[in-house]
Structures are given as C-alpha cells and as structure tokens.
file work-v8.cif (mmCIF, C-alpha atoms)
data_input
loop_
_atom_site.label_atom_id
_atom_site.label_comp_id
_atom_site.auth_asym_id
_atom_site.auth_seq_id
_atom_site.Cartn_x
_atom_site.Cartn_y
_atom_site.Cartn_z
CA MET H 1 24.18 3.70 -3.21
CA GLU H 2 20.55 4.52 -2.36
CA LYS H 3 20.10 5.53 1.32
CA GLN H 4 17.95 2.54 2.33
CA GLU H 5 20.37 0.12 0.68
CA LYS H 6 23.30 1.74 2.46
CA ILE H 7 21.59 1.29 5.83
CA VAL H 8 20.88 -2.38 5.05
CA SER H 9 24.51 -2.92 4.02
CA MET H 10 25.71 -1.37 7.28
CA PHE H 11 23.55 -3.76 9.31
CA ASP H 12 24.83 -6.71 7.27
CA ASP H 13 28.33 -5.68 8.29
CA ILE H 14 27.71 -5.35 12.04
CA ALA H 15 25.35 -8.35 12.37
CA PRO H 16 27.89 -10.74 14.00
CA THR H 17 28.59 -8.34 16.91
CA TYR H 18 25.22 -6.58 17.02
CA ASP H 19 23.81 -8.37 20.08
CA THR H 20 26.94 -7.89 22.18
CA ALA H 21 27.20 -4.21 21.33
CA ASN H 22 23.52 -3.62 22.09
CA ARG H 23 23.70 -5.27 25.51
CA VAL H 24 26.76 -3.26 26.49
CA MET H 25 25.46 0.06 25.19
CA SER H 26 22.00 -0.21 26.76
CA MET H 27 23.48 -1.71 29.95
CA GLY H 28 20.84 -4.41 29.62
CA VAL H 29 17.90 -2.13 30.35
CA ASP H 30 16.42 -2.66 26.90
CA ARG H 31 15.25 -6.03 28.21
CA SER H 32 12.81 -4.42 30.62
CA TRP H 33 11.53 -2.09 27.89
CA ARG H 34 10.89 -5.04 25.56
CA LYS H 35 9.12 -7.08 28.25
CA LYS H 36 6.89 -4.14 29.13
CA ALA H 37 5.98 -3.63 25.47
CA CYS H 38 4.93 -7.28 25.12
CA ASP H 39 3.02 -7.40 28.40
CA LEU H 40 1.10 -4.21 27.66
CA ALA H 41 0.24 -5.37 24.14
CA TYR H 42 -1.11 -8.69 25.41
CA GLY H 43 -3.14 -6.75 27.97
CA TYR H 44 -4.66 -4.54 25.27
CA GLN H 45 -5.42 -7.62 23.14
CA ALA H 46 -7.21 -9.27 26.09
CA LYS H 47 -7.25 -12.60 24.25
CA GLU H 48 -6.12 -16.07 25.25
CA GLY H 49 -4.60 -16.53 21.81
CA VAL H 50 -3.33 -14.60 18.79
CA ASP H 51 -2.91 -16.02 15.30
CA MET H 52 0.15 -14.07 14.17
CA ILE H 53 2.71 -11.60 15.47
CA VAL H 54 4.96 -9.91 12.90
CA ASP H 55 8.21 -8.30 14.04
CA VAL H 56 9.40 -5.85 11.38
CA ALA H 57 13.11 -4.94 11.22
CA CYS H 58 13.48 -8.00 13.43
CA GLY H 59 17.28 -7.92 13.29
CA THR H 60 18.75 -10.86 15.17
CA GLY H 61 15.37 -11.97 16.50
CA ASP H 62 15.45 -10.83 20.13
CA MET H 63 12.03 -9.16 20.15
CA MET H 64 10.43 -12.25 18.61
CA ASP H 65 11.75 -14.29 21.51
CA TYR H 66 10.37 -11.76 24.00
CA TRP H 67 6.95 -12.11 22.38
CA ARG H 68 7.21 -15.87 22.82
CA LYS H 69 8.46 -15.81 26.42
CA GLN H 70 6.04 -13.15 27.66
CA ALA H 71 3.14 -14.99 25.99
CA GLN H 72 4.03 -18.11 27.95
CA LYS H 73 4.09 -16.11 31.19
CA SER H 74 0.75 -14.48 30.36
CA GLY H 75 -0.94 -17.68 29.20
CA VAL H 76 -1.36 -16.38 25.63
CA ALA H 77 -1.23 -18.96 22.83
CA ILE H 78 0.49 -17.79 19.63
CA GLY H 79 -0.12 -19.38 16.27
CA LYS H 80 2.92 -17.97 14.48
CA ILE H 81 5.70 -15.42 15.01
CA VAL H 82 7.11 -13.95 11.80
CA GLY H 83 10.28 -11.89 11.41
CA VAL H 84 10.78 -9.44 8.54
CA ASP H 85 14.08 -7.67 7.84
CA PRO H 86 15.88 -6.43 4.70
CA SER H 87 19.30 -7.50 6.05
CA ASN H 88 20.25 -11.08 5.23
CA GLY H 89 23.20 -10.75 7.62
CA MET H 90 20.87 -10.02 10.53
CA LEU H 91 18.45 -12.77 9.52
CA ASP H 92 21.28 -15.33 9.33
CA VAL H 93 22.04 -14.62 13.00
CA ALA H 94 18.34 -14.72 13.90
CA LYS H 95 17.79 -18.08 12.19
CA GLU H 96 20.72 -19.58 14.06
CA LYS H 97 19.48 -18.26 17.43
CA PHE H 98 15.78 -18.93 16.90
CA PRO H 99 15.28 -21.54 14.15
CA ASN H 100 11.60 -22.14 14.96
CA PHE H 101 10.34 -18.74 13.83
CA GLU H 102 9.37 -17.82 10.26
CA TYR H 103 11.52 -15.25 8.44
CA HIS H 104 11.21 -13.09 5.32
CA THR H 105 13.85 -10.87 3.73
CA ALA H 106 11.85 -7.74 2.97
CA LYS H 107 11.50 -4.03 3.61
CA ALA H 108 8.98 -2.55 6.05
CA THR H 109 7.15 -1.06 3.07
CA GLU H 110 6.81 -4.44 1.31
CA ILE H 111 5.77 -7.05 3.90
CA PRO H 112 5.18 -10.32 2.00
CA LEU H 113 1.95 -11.22 3.84
CA GLY H 114 -1.73 -10.93 2.99
CA ASP H 115 -4.23 -8.30 4.09
CA GLU H 116 -5.48 -8.31 7.69
CA VAL H 117 -3.59 -11.43 8.84
CA ALA H 118 -1.62 -10.18 11.88
CA ASP H 119 -2.85 -9.45 15.39
CA ILE H 120 0.29 -7.51 16.38
CA ILE H 121 3.06 -5.83 14.39
CA SER H 122 6.12 -4.67 16.31
CA ILE H 123 9.16 -2.68 15.26
CA THR H 124 11.83 -2.13 17.89
CA TYR H 125 14.63 0.35 17.24
CA GLY H 126 14.01 0.04 13.54
CA ILE H 127 11.44 2.63 12.48
CA ARG H 128 14.03 5.43 12.30
CA ASN H 129 15.97 3.31 9.78
CA VAL H 130 12.97 3.15 7.44
CA VAL H 131 13.39 5.88 4.85
CA GLN H 132 9.77 5.68 3.61
CA ARG H 133 8.19 5.73 7.07
CA VAL H 134 4.70 6.91 6.05
CA GLN H 135 4.43 4.10 3.50
CA ALA H 136 5.61 1.60 6.13
CA LEU H 137 2.89 2.66 8.59
CA GLN H 138 0.30 2.28 5.82
CA GLU H 139 1.70 -1.19 5.13
CA PHE H 140 1.38 -2.09 8.83
CA ASN H 141 -2.26 -1.03 8.65
CA ARG H 142 -2.81 -3.26 5.61
CA VAL H 143 -1.33 -6.37 7.26
CA LEU H 144 -3.03 -5.89 10.65
CA LYS H 145 -6.48 -7.21 11.42
CA GLN H 146 -9.18 -4.77 12.47
CA GLY H 147 -8.33 -3.82 16.06
CA GLY H 148 -4.78 -5.14 15.68
CA LEU H 149 -1.90 -3.43 17.43
CA VAL H 150 1.29 -1.75 16.25
CA VAL H 151 4.00 -1.67 18.92
CA ILE H 152 6.93 0.72 18.44
CA LEU H 153 10.03 1.01 20.63
CA GLU H 154 12.44 3.68 19.46
CA PHE H 155 15.12 6.21 20.33
CA MET H 156 13.32 9.49 19.73
CA LYS H 157 14.50 13.02 19.09
CA ASN H 158 14.09 15.25 22.16
CA GLU H 159 13.37 18.85 21.15
CA ASN H 160 13.52 20.35 24.66
CA PRO H 161 15.89 18.17 26.69
CA SER H 162 15.95 18.42 30.49
CA LEU H 163 19.23 18.09 32.39
CA LEU H 164 18.80 14.32 32.31
CA GLY H 165 18.03 14.59 28.61
CA LYS H 166 21.28 16.47 28.04
CA ILE H 167 23.15 13.73 29.91
CA ARG H 168 21.44 11.23 27.64
CA ASP H 169 22.47 13.18 24.54
CA PHE H 170 26.10 13.31 25.73
CA TYR H 171 26.07 9.55 26.26
CA MET H 172 24.45 8.87 22.89
CA ASN H 173 26.71 11.25 20.95
CA LYS H 174 30.09 10.86 22.65
CA ILE H 175 30.28 7.55 24.51
CA LEU H 176 27.96 5.12 22.78
CA PRO H 177 29.54 5.35 19.29
CA LYS H 178 33.00 4.61 20.69
CA VAL H 179 31.77 1.58 22.66
CA GLY H 180 29.78 0.19 19.73
CA GLY H 181 32.58 0.94 17.29
CA PHE H 182 35.14 -0.82 19.50
CA ILE H 183 33.02 -3.97 19.81
CA SER H 184 31.95 -4.10 16.16
CA LYS H 185 35.15 -2.68 14.63
CA ASN H 186 32.80 -0.41 12.65
CA LEU H 187 32.82 3.10 14.09
CA GLU H 188 30.85 4.54 11.19
CA ALA H 189 27.87 2.28 11.94
CA TYR H 190 27.65 3.42 15.54
CA GLU H 191 28.21 7.07 14.67
CA TYR H 192 25.14 6.59 12.48
CA LEU H 193 23.01 5.83 15.58
CA PRO H 194 23.07 9.29 17.25
CA ASN H 195 22.91 10.97 13.84
CA SER H 196 19.84 8.91 12.92
CA ILE H 197 18.14 9.85 16.20
CA GLU H 198 18.89 13.54 15.75
CA SER H 199 17.43 13.50 12.25
CA PHE H 200 14.46 11.33 13.29
CA SER H 201 10.99 12.28 14.36
CA THR H 202 9.73 13.60 17.68
CA VAL H 203 7.20 11.55 19.66
CA GLN H 204 4.40 13.93 18.66
CA ASN H 205 5.23 13.73 14.96
CA LEU H 206 5.29 9.91 15.02
CA GLN H 207 1.94 9.87 16.85
CA ASN H 208 0.52 12.15 14.16
CA GLU H 209 1.84 9.88 11.41
CA LEU H 210 0.25 6.85 13.10
CA THR H 211 -3.07 8.68 13.37
CA ASP H 212 -2.89 9.67 9.69
CA ALA H 213 -2.21 6.01 8.79
CA GLY H 214 -5.44 4.91 10.50
CA PHE H 215 -4.34 4.13 14.05
CA GLU H 216 -5.61 5.19 17.46
CA ILE H 217 -2.86 5.89 20.03
CA LEU H 218 -3.38 3.76 23.15
CA TYR H 219 -0.14 4.23 25.09
CA THR H 220 2.96 6.43 24.98
CA LYS H 221 5.74 6.46 27.54
CA SER H 222 9.45 7.32 27.57
CA PHE H 223 11.86 5.31 29.73
CA SER H 224 15.28 5.80 31.29
CA MET H 225 15.96 9.52 30.88
CA ASP H 226 13.85 9.49 27.71
CA ILE H 227 16.38 7.21 26.01
CA SER H 228 13.64 4.93 24.73
CA THR H 229 9.98 5.59 23.91
CA LEU H 230 7.19 3.02 23.64
CA ILE H 231 4.11 3.72 21.53
CA ILE H 232 1.22 1.28 21.17
CA ALA H 233 -1.56 2.04 18.69
CA ARG H 234 -4.65 0.18 17.50
CA LYS H 235 -5.92 -0.13 13.94
CA LYS H 236 -9.29 1.62 13.76
#
call {"tool": "encode", "arguments": {"input": "work-v8.cif", "output": "structure tokens"}}
result
Amino acid sequence: MEKQEKIVSMFDDIAPTYDTANRVMSMGVDRSWRKKACDLAYGYQAKEGVDMIVDVACGTGDMMDYWRKQAQKSGVAIGKIVGVDPSNGMLDVAKEKFPNFEYHTAKATEIPLGDEVADIISITYGIRNVVQRVQALQEFNRVLKQGGLVVILEFMKNENPSLLGKIRDFYMNKILPKVGGFISKNLEAYEYLPNSIESFSTVQNLQNELTDAGFEILYTKSFSMDISTLIIARKK
C-alpha cells in the first residue's frame, strides 16, 4: 500500500476514539494552542468578516469549531467554514459533531476549490502526515486570496533538545503511544506519532518551505516544552 494511503487507512481505523485519545494525551492543553492560533489569525486579518476558512486535514472537525467560536468572541463574521480530509472515517465523525460545516474528501495536494477563494487555510497536527508537503503548500497558495493566511499547528522535530525537550521526547516516545494505543486499541497508530515527528521537519525547514511556496512568515512560537509549534504565514 502506498504510504499516503496507509496513513489515511490508519486514521480511518482510529477515528471513533480519536478525540478521546487526543484529549487524554495532550492533557487538554491543545485547546489553548488552537484558540491562540485562531485569535492571532483574526488579529492579522484585521477584518470584521472573512468569506471562507478552509481547514485541511480537518479530522473530526475540532479546529473548524474553534474558528467558529473564536470568531464569535472576536466579532468576526464568517461566510463559510470548509473541512478537507482524505479520511472518510474522520469526516463521518466530523459531520456528526458539526453538521453545519461543509466537507470534502480530498488530499491536501488536491483541494477541490477554486483559485484565490479562501481567506485562511489551517492545518493542525496534519502537515507531517502529508507525504507531498511541498506540493501541498503550493496548493494552499493557489486556494488562498492575496494576503490570505496559512495557519499551521504541529509537533515539530527538535534537533537540539533542552532538558525539558528531553522530557518531552520521553513522554512522546514512551508514554504517549501506550496511552493512545490503550484507548484506541491500535498501538501501531500511536507508535506512528513519535516516529512521524522524528522523521518530520524542523521549524526552520518548514519556514523555508513556506517561503519557497510564496509565503511571508508572520509568527512562530513553540508551546509547552516545545511540544507544539504555531506558524502563521501570509501569501505574498
């Protein structure tokens, strides 16, 4: 099975328990990271309304709901929130949780939308699962309006970990897979997580790839012992 298809199949399998496992493993702190990402993006947009937000690798829809809720708090009107994911299993859960959003079964490299239609594209904890990452960033550029934002939250590889970073790596490699595997009954899927981080990009490399794809980096920050990194970039 081709690598991208294998990843999609794995997410189909763990979709029913995905939300529970995520909450337990992140100890709920991913909520604050997601809220901050939305609030900062709306601040950079500096508009009272946006026509379209596209959440790529939307999974079970949580980030789409954060876009909606934080927009209400910020007084930002949203025309449409669209979720894109290659996993039908994940989208089935998302549609049940959030039936009012629009969904498309598609890869990050093949977003079924026109040119320059979105104000914001987000991808949270999904970019490391995209095998053809450079092509995906080029696709984000195509779909975004001029001046539109790409918002990335991801677990990044840490080349020179501090003591706290080493504690993080121990948690991610030894504890997290067992917790996720116990909840999902799929140990292999959650062993994939630390392996995918270790083989993923560094923050600097991802910034370079964004720049090469036609974006200007606006904001980069790592949270919670560098577990999670937020990057916001604007289409030039």
call {"tool": "resolve_selection", "arguments": {"input": "work-v8.cif", "expression": "the PyMOL selection byres ((chain H and resi 57-67) around 8)", "output": "VMD selection string"}}
result
chain H and resid 15 18 to 19 34 to 35 38 55 to 56 68 to 71 81 to 87 90 to 95 97 to 98 107 to 108 123 to 124 126 to 127
call {"tool": "resolve_selection", "arguments": {"input": "work-v8.cif", "expression": "the PyMOL selection byres ((chain H and resi 40) around 12)", "output": "MDAnalysis selection string"}}
result
chainID H and resid 33:39 41:46 67 70:71 74 120 149:152 218:221 230:233
call {"tool": "residues_around", "arguments": {"input": "work-v8.cif", "residues": "Met156 of chain H", "least_positions_apart": "6", "cutoff": "7 Å", "atoms": "all atoms listed in the file", "output": "list of chain:residue names"}}
result
H:Ile197, H:Phe200, H:Ser201, H:Thr202, H:Val203, H:Ser228, H:Thr229
call {"tool": "atom_distance", "arguments": {"input": "work-v8.cif", "atom1": "atom CA of Ile78 of chain H", "atom2": "atom CA of Gly214 of chain H"}}
result
25.2 Å
call {"tool": "closest_residue", "arguments": {"input": "work-v8.cif", "among": "H:Gly180, H:Leu206, H:Asp115, H:Phe101", "to": "Arg128 of chain H", "atoms": "only C-alpha atoms"}}
result
H:Leu206
call {"tool": "atom_distance", "arguments": {"input": "work-v8.cif", "atom1": "atom CA of Gln135 of chain H", "atom2": "atom CA of Ala189 of chain H"}}
result
25.0 Å
call {"tool": "atom_distance", "arguments": {"input": "work-v8.cif", "atom1": "atom CA of Glu191 of chain H", "atom2": "atom CA of Pro177 of chain H"}}
result
5.1 Å
call {"tool": "residues_around", "arguments": {"input": "work-v8.cif", "residues": "Ile111 of chain H", "least_positions_apart": "2", "cutoff": "9 Å", "atoms": "all atoms listed in the file", "output": "number ranges by chain"}}
result
H: 56, 84, 104-109, 113-114, 136, 139-140, 143
call {"tool": "closest_residue", "arguments": {"input": "work-v8.cif", "among": "H:Asn100, H:Ser32, H:Thr211, H:Asn88", "to": "Asp12 of chain H", "atoms": "all atoms listed in the file"}}
result
H:Asn88
call {"tool": "residues_around", "arguments": {"input": "work-v8.cif", "residues": "Lys6 of chain H", "least_positions_apart": "3", "cutoff": "12 Å", "atoms": "only C-alpha atoms", "output": "list in words"}}
result
Met1, Glu2, Lys3, Ser9, Met10, Phe11, Asp12, Asp13, Pro86, Ser87, Asn129, Val130, Val131, Glu188, Ala189 and Tyr192 of chain H
call {"tool": "closest_residue", "arguments": {"input": "work-v8.cif", "among": "H:Gln146, H:Gln132, H:Asn205, H:Thr17", "to": "Gln4 of chain H", "atoms": "all atoms listed in the file"}}
result
H:Gln132
call {"tool": "closest_residue", "arguments": {"input": "work-v8.cif", "among": "H:Leu153, H:Arg142, H:Tyr171, H:Glu116", "to": "Phe223 of chain H", "atoms": "only C-alpha atoms"}}
result
H:Leu153
call {"tool": "closest_residue", "arguments": {"input": "work-v8.cif", "among": "H:Asp212, H:Glu110, H:Asp119, H:Glu102", "to": "Lys145 of chain H", "atoms": "only C-alpha atoms"}}
result
H:Asp119
call {"tool": "build_atoms", "arguments": {"input": "work-v8.cif", "residues": "segment 91-124 of chain H", "atoms": "N, CA and C atoms", "output": "PDB file, in the frame of the given file"}}
result
ATOM      1  N   LEU H  91      19.337 -11.604   9.514  1.00  0.00           N
ATOM      2  CA  LEU H  91      18.450 -12.770   9.520  1.00  0.00           C
ATOM      3  C   LEU H  91      19.238 -14.072   9.677  1.00  0.00           C
ATOM      4  N   ASP H  92      20.446 -14.124   9.145  1.00  0.00           N
ATOM      5  CA  ASP H  92      21.280 -15.330   9.330  1.00  0.00           C
ATOM      6  C   ASP H  92      21.539 -15.573  10.813  1.00  0.00           C
ATOM      7  N   VAL H  93      21.822 -14.495  11.555  1.00  0.00           N
ATOM      8  CA  VAL H  93      22.040 -14.620  13.000  1.00  0.00           C
ATOM      9  C   VAL H  93      20.739 -15.029  13.692  1.00  0.00           C
ATOM     10  N   ALA H  94      19.643 -14.415  13.302  1.00  0.00           N
ATOM     11  CA  ALA H  94      18.340 -14.720  13.900  1.00  0.00           C
ATOM     12  C   ALA H  94      17.958 -16.186  13.697  1.00  0.00           C
ATOM     13  N   LYS H  95      18.159 -16.695  12.494  1.00  0.00           N
ATOM     14  CA  LYS H  95      17.790 -18.080  12.190  1.00  0.00           C
ATOM     15  C   LYS H  95      18.614 -19.067  12.993  1.00  0.00           C
ATOM     16  N   GLU H  96      19.860 -18.705  13.253  1.00  0.00           N
ATOM     17  CA  GLU H  96      20.720 -19.580  14.060  1.00  0.00           C
ATOM     18  C   GLU H  96      20.277 -19.560  15.525  1.00  0.00           C
ATOM     19  N   LYS H  97      19.908 -18.389  16.024  1.00  0.00           N
ATOM     20  CA  LYS H  97      19.480 -18.260  17.430  1.00  0.00           C
ATOM     21  C   LYS H  97      18.088 -18.846  17.652  1.00  0.00           C
ATOM     22  N   PHE H  98      17.183 -18.555  16.719  1.00  0.00           N
ATOM     23  CA  PHE H  98      15.780 -18.930  16.900  1.00  0.00           C
ATOM     24  C   PHE H  98      15.257 -19.608  15.621  1.00  0.00           C
ATOM     25  N   PRO H  99      15.623 -20.877  15.413  1.00  0.00           N
ATOM     26  CA  PRO H  99      15.280 -21.540  14.150  1.00  0.00           C
ATOM     27  C   PRO H  99      13.790 -21.862  13.985  1.00  0.00           C
ATOM     28  N   ASN H 100      13.005 -21.741  15.047  1.00  0.00           N
ATOM     29  CA  ASN H 100      11.600 -22.140  14.960  1.00  0.00           C
ATOM     30  C   ASN H 100      10.660 -21.034  14.497  1.00  0.00           C
ATOM     31  N   PHE H 101      11.181 -19.827  14.329  1.00  0.00           N
ATOM     32  CA  PHE H 101      10.340 -18.740  13.830  1.00  0.00           C
ATOM     33  C   PHE H 101      10.373 -18.711  12.301  1.00  0.00           C
ATOM     34  N   GLU H 102       9.424 -17.988  11.718  1.00  0.00           N
ATOM     35  CA  GLU H 102       9.370 -17.820  10.260  1.00  0.00           C
ATOM     36  C   GLU H 102      10.010 -16.488   9.892  1.00  0.00           C
ATOM     37  N   TYR H 103      10.793 -16.472   8.813  1.00  0.00           N
ATOM     38  CA  TYR H 103      11.520 -15.250   8.440  1.00  0.00           C
ATOM     39  C   TYR H 103      11.294 -14.902   6.970  1.00  0.00           C
ATOM     40  N   HIS H 104      11.294 -13.593   6.702  1.00  0.00           N
ATOM     41  CA  HIS H 104      11.210 -13.090   5.320  1.00  0.00           C
ATOM     42  C   HIS H 104      12.209 -11.949   5.150  1.00  0.00           C
ATOM     43  N   THR H 105      12.970 -11.990   4.074  1.00  0.00           N
ATOM     44  CA  THR H 105      13.850 -10.870   3.730  1.00  0.00           C
ATOM     45  C   THR H 105      13.035  -9.856   2.955  1.00  0.00           C
ATOM     46  N   ALA H 106      12.720  -8.743   3.615  1.00  0.00           N
ATOM     47  CA  ALA H 106      11.850  -7.740   2.970  1.00  0.00           C
ATOM     48  C   ALA H 106      11.922  -6.423   3.712  1.00  0.00           C
ATOM     49  N   LYS H 107      11.564  -5.360   3.015  1.00  0.00           N
ATOM     50  CA  LYS H 107      11.500  -4.030   3.610  1.00  0.00           C
ATOM     51  C   LYS H 107      10.187  -3.846   4.383  1.00  0.00           C
ATOM     52  N   ALA H 108      10.180  -2.860   5.270  1.00  0.00           N
ATOM     53  CA  ALA H 108       8.980  -2.550   6.050  1.00  0.00           C
ATOM     54  C   ALA H 108       7.836  -2.074   5.169  1.00  0.00           C
ATOM     55  N   THR H 109       8.165  -1.566   3.997  1.00  0.00           N
ATOM     56  CA  THR H 109       7.150  -1.060   3.070  1.00  0.00           C
ATOM     57  C   THR H 109       6.599  -2.153   2.152  1.00  0.00           C
ATOM     58  N   GLU H 110       7.204  -3.353   2.227  1.00  0.00           N
ATOM     59  CA  GLU H 110       6.810  -4.440   1.310  1.00  0.00           C
ATOM     60  C   GLU H 110       6.750  -5.767   2.078  1.00  0.00           C
ATOM     61  N   ILE H 111       5.886  -5.832   3.088  1.00  0.00           N
ATOM     62  CA  ILE H 111       5.770  -7.050   3.900  1.00  0.00           C
ATOM     63  C   ILE H 111       5.078  -8.134   3.079  1.00  0.00           C
ATOM     64  N   PRO H 112       5.733  -9.287   2.881  1.00  0.00           N
ATOM     65  CA  PRO H 112       5.180 -10.320   2.000  1.00  0.00           C
ATOM     66  C   PRO H 112       4.112 -11.186   2.679  1.00  0.00           C
ATOM     67  N   LEU H 113       3.069 -10.529   3.185  1.00  0.00           N
ATOM     68  CA  LEU H 113       1.950 -11.220   3.840  1.00  0.00           C
ATOM     69  C   LEU H 113       0.651 -10.631   3.305  1.00  0.00           C
ATOM     70  N   GLY H 114      -0.436 -11.366   3.490  1.00  0.00           N
ATOM     71  CA  GLY H 114      -1.730 -10.930   2.990  1.00  0.00           C
ATOM     72  C   GLY H 114      -2.334  -9.803   3.803  1.00  0.00           C
ATOM     73  N   ASP H 115      -3.512  -9.372   3.390  1.00  0.00           N
ATOM     74  CA  ASP H 115      -4.230  -8.300   4.090  1.00  0.00           C
ATOM     75  C   ASP H 115      -4.868  -8.845   5.375  1.00  0.00           C
ATOM     76  N   GLU H 116      -4.779  -8.042   6.433  1.00  0.00           N
ATOM     77  CA  GLU H 116      -5.480  -8.310   7.690  1.00  0.00           C
ATOM     78  C   GLU H 116      -5.235  -9.737   8.214  1.00  0.00           C
ATOM     79  N   VAL H 117      -3.951 -10.080   8.355  1.00  0.00           N
ATOM     80  CA  VAL H 117      -3.590 -11.430   8.840  1.00  0.00           C
ATOM     81  C   VAL H 117      -2.924 -11.402  10.215  1.00  0.00           C
ATOM     82  N   ALA H 118      -2.393 -10.247  10.634  1.00  0.00           N
ATOM     83  CA  ALA H 118      -1.620 -10.180  11.880  1.00  0.00           C
ATOM     84  C   ALA H 118      -2.419  -9.527  12.996  1.00  0.00           C
ATOM     85  N   ASP H 119      -2.231 -10.040  14.213  1.00  0.00           N
ATOM     86  CA  ASP H 119      -2.850  -9.450  15.390  1.00  0.00           C
ATOM     87  C   ASP H 119      -1.984  -8.324  15.957  1.00  0.00           C
ATOM     88  N   ILE H 120      -0.663  -8.495  15.847  1.00  0.00           N
ATOM     89  CA  ILE H 120       0.290  -7.510  16.380  1.00  0.00           C
ATOM     90  C   ILE H 120       1.430  -7.351  15.386  1.00  0.00           C
ATOM     91  N   ILE H 121       1.822  -6.113  15.125  1.00  0.00           N
ATOM     92  CA  ILE H 121       3.060  -5.830  14.390  1.00  0.00           C
ATOM     93  C   ILE H 121       3.941  -4.995  15.319  1.00  0.00           C
ATOM     94  N   SER H 122       5.178  -5.440  15.493  1.00  0.00           N
ATOM     95  CA  SER H 122       6.120  -4.670  16.310  1.00  0.00           C
ATOM     96  C   SER H 122       7.304  -4.243  15.460  1.00  0.00           C
ATOM     97  N   ILE H 123       7.892  -3.128  15.861  1.00  0.00           N
ATOM     98  CA  ILE H 123       9.160  -2.680  15.260  1.00  0.00           C
ATOM     99  C   ILE H 123       9.945  -2.003  16.368  1.00  0.00           C
ATOM    100  N   THR H 124      11.051  -2.613  16.758  1.00  0.00           N
ATOM    101  CA  THR H 124      11.830  -2.130  17.890  1.00  0.00           C
ATOM    102  C   THR H 124      13.177  -1.611  17.414  1.00  0.00           C
TER     103      THR H 124
END
